[in-house]
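Shown next, in structure tokens, is the structure this report addresses.
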Amino acid sequence: MKMLGILLSLLVAWPTDAATWNITYPRPMSEGDSRQQYPLQLLRLALEKTGVNYRLQATDRILLQSRALKQLKSNREISVLWSMTDEQREQDLLPIRIPIYKGLIGLRIPLVRAADEDLFKYVQSMEKLTLFTPLSGHDWPDTKILQANGFVVVTEEDYQALFTQLASRHGDFFPRSVVEIWDETEKADNIIIEPHIALHYPTAMYFFVNKKSAALARLIESGLEQLIASGEFEQLFLATHQDKIERAALQTRRVFRLNNPILPAATPLDRAELWQLP
């Protein structure tokens, strides 16, 4: 019934002879930034499922995440972005509550300096783990989560600068998602993937649109729900991420569970098909 309602609302919002919809997303931080490939592929598939005419294009300029969020809230320059959710972002923007990484954005493995490969080899408790200093983005929800769990966090506004800070010993580790970390060891010299532990906190990365763009939100939601129903969502997810999950070798790691006090109450934790939990 929910799907029928979405499709009916789209028939009203998008006549079959509608003009092309221009949908703009934030330009990647660099030409070699591969983090956007999967979200864009998923978004394109979702839009194609709806049958509407669309043109998906990047902004003319590069925007830091904080700036992109402000621009979307103001309904300027950007139509859609994808980001980790928290209570404030769901107040400011309109989320499509389908976790595009199936929750794995909250499964974190530390990047450390090569000389610190065994930094966490004998760490068995959260009390000991919080003695080490993580690095995180200044305005990332991850930072609030880490702080709420007892860590003193070193922050940076610029994503690339976090790798430089780690290499320069301004922090002990940089926790990165299992779906992101494998291409990131090349962003600074002598940075490696720590082999002994992982962190996990419940969270989701969603597509977000402006509060006034309810029709666009329904469009994206409809396409994603169709991909879930057909199995194409799961096929794309596994084709893109299964090897990364296996490389993480979670069975050999101690997984520390963190609380997430900023997880919105509306998070669809009851829909098991939307999650891939460790």
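Residue numbering restarts at 1 for every chain of the structure tokens, chains are lettered A, B, ... in their displayed order, and ligands are numbered from 1 as they appear.
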
Practice problem: Can you check which residues of segment 47-268 of chain A DSSP gives as alpha helix (DSSP H) on the backbone and send them as a PyMOL selection string? | Solution: chain A and resi 47-50+65-73+87-92+126-129+141-148+159-167+214-230+232-247

Quiz prompt | Exercise: Pro264 of chain A partners within 12 Å, only C-alpha atoms, chain neighbours under 3 positions left out, as an NGL selection string | solution = :A and (84-91 or 95 or 97 or 141 or 202-204 or 260-261 or 267-269)

Quiz prompt | 12 Å contact set for Lys121 of chain A, only C-alpha atoms, chain neighbours under 6 positions out, as a list of chain:residue names | solution =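 So, after excluding close chain neighbours, the residues are A:Lys128, A:Leu129, A:Glu194, A:Pro195, A:His196, A:Ile197, A:Ala198, A:Thr252, A:Arg253, A:Arg254.
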
For those residues, write C-alpha atoms to a file as a tab-separated table (two decimals), in the first residue's frame.
chain	number	residue	atom	x	y	z
A	128	LYS	CA	41.56	1.63	27.43
A	129	LEU	CA	40.48	2.51	23.91
A	194	GLU	CA	45.11	-1.31	11.69
A	195	PRO	CA	44.49	-5.11	11.85
A	196	HIS	CA	43.14	-5.76	15.34
A	197	ILE	CA	39.95	-3.81	16.11
A	198	ALA	CA	36.82	-2.26	14.66
A	252	THR	CA	39.62	-11.66	13.52
A	253	ARG	CA	38.88	-8.24	15.05
A	254	ARG	CA	37.55	-7.13	18.42

Self-check item: Residue set, segment 23-195 of chain A restricted to strand (DSSP E), as number ranges by chain
Solution: A: 23-27, 54-62, 80-84, 94-96, 107-113, 135-137, 154-156, 174-177, 191-193

Exercise. Rank nothing, just name the residue among A:Ile98, A:Leu43, A:Leu135, A:Leu93 nearest to Lys73 of chain A, using only C-alpha atoms.
Key: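 Looking at the shortest contact to Lys73 of chain A, the residue is A:Leu93.
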
Report as a Markdown table the residues of segment 160-233 of chain A within 10 Å of segment 62-71 of chain A, each with its shortest atom pair and distance in Å (one decimal), using only C-alpha atoms, ordered by chain and increasing residue number.
| residue | atom | partner | partner_atom | distance |
| --- | --- | --- | --- | --- |
| A:Phe208 | CA | A:Leu69 | CA | 9.2 |
| A:Val209 | CA | A:Leu69 | CA | 9.6 |
| A:Asn210 | CA | A:Gln71 | CA | 9.3 |

Practice problem: Can you work out which one of A:Gln226, A:Phe256, A:Thr240, A:Arg76 has the shortest atom-to-atom distance to Glu48 of chain A, counting only C-alpha atoms? | Solution: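 Going through A:Gln226, A:Phe256, A:Thr240, A:Arg76 one by one, the smallest distance to Glu48 of chain A is for A:Gln226.
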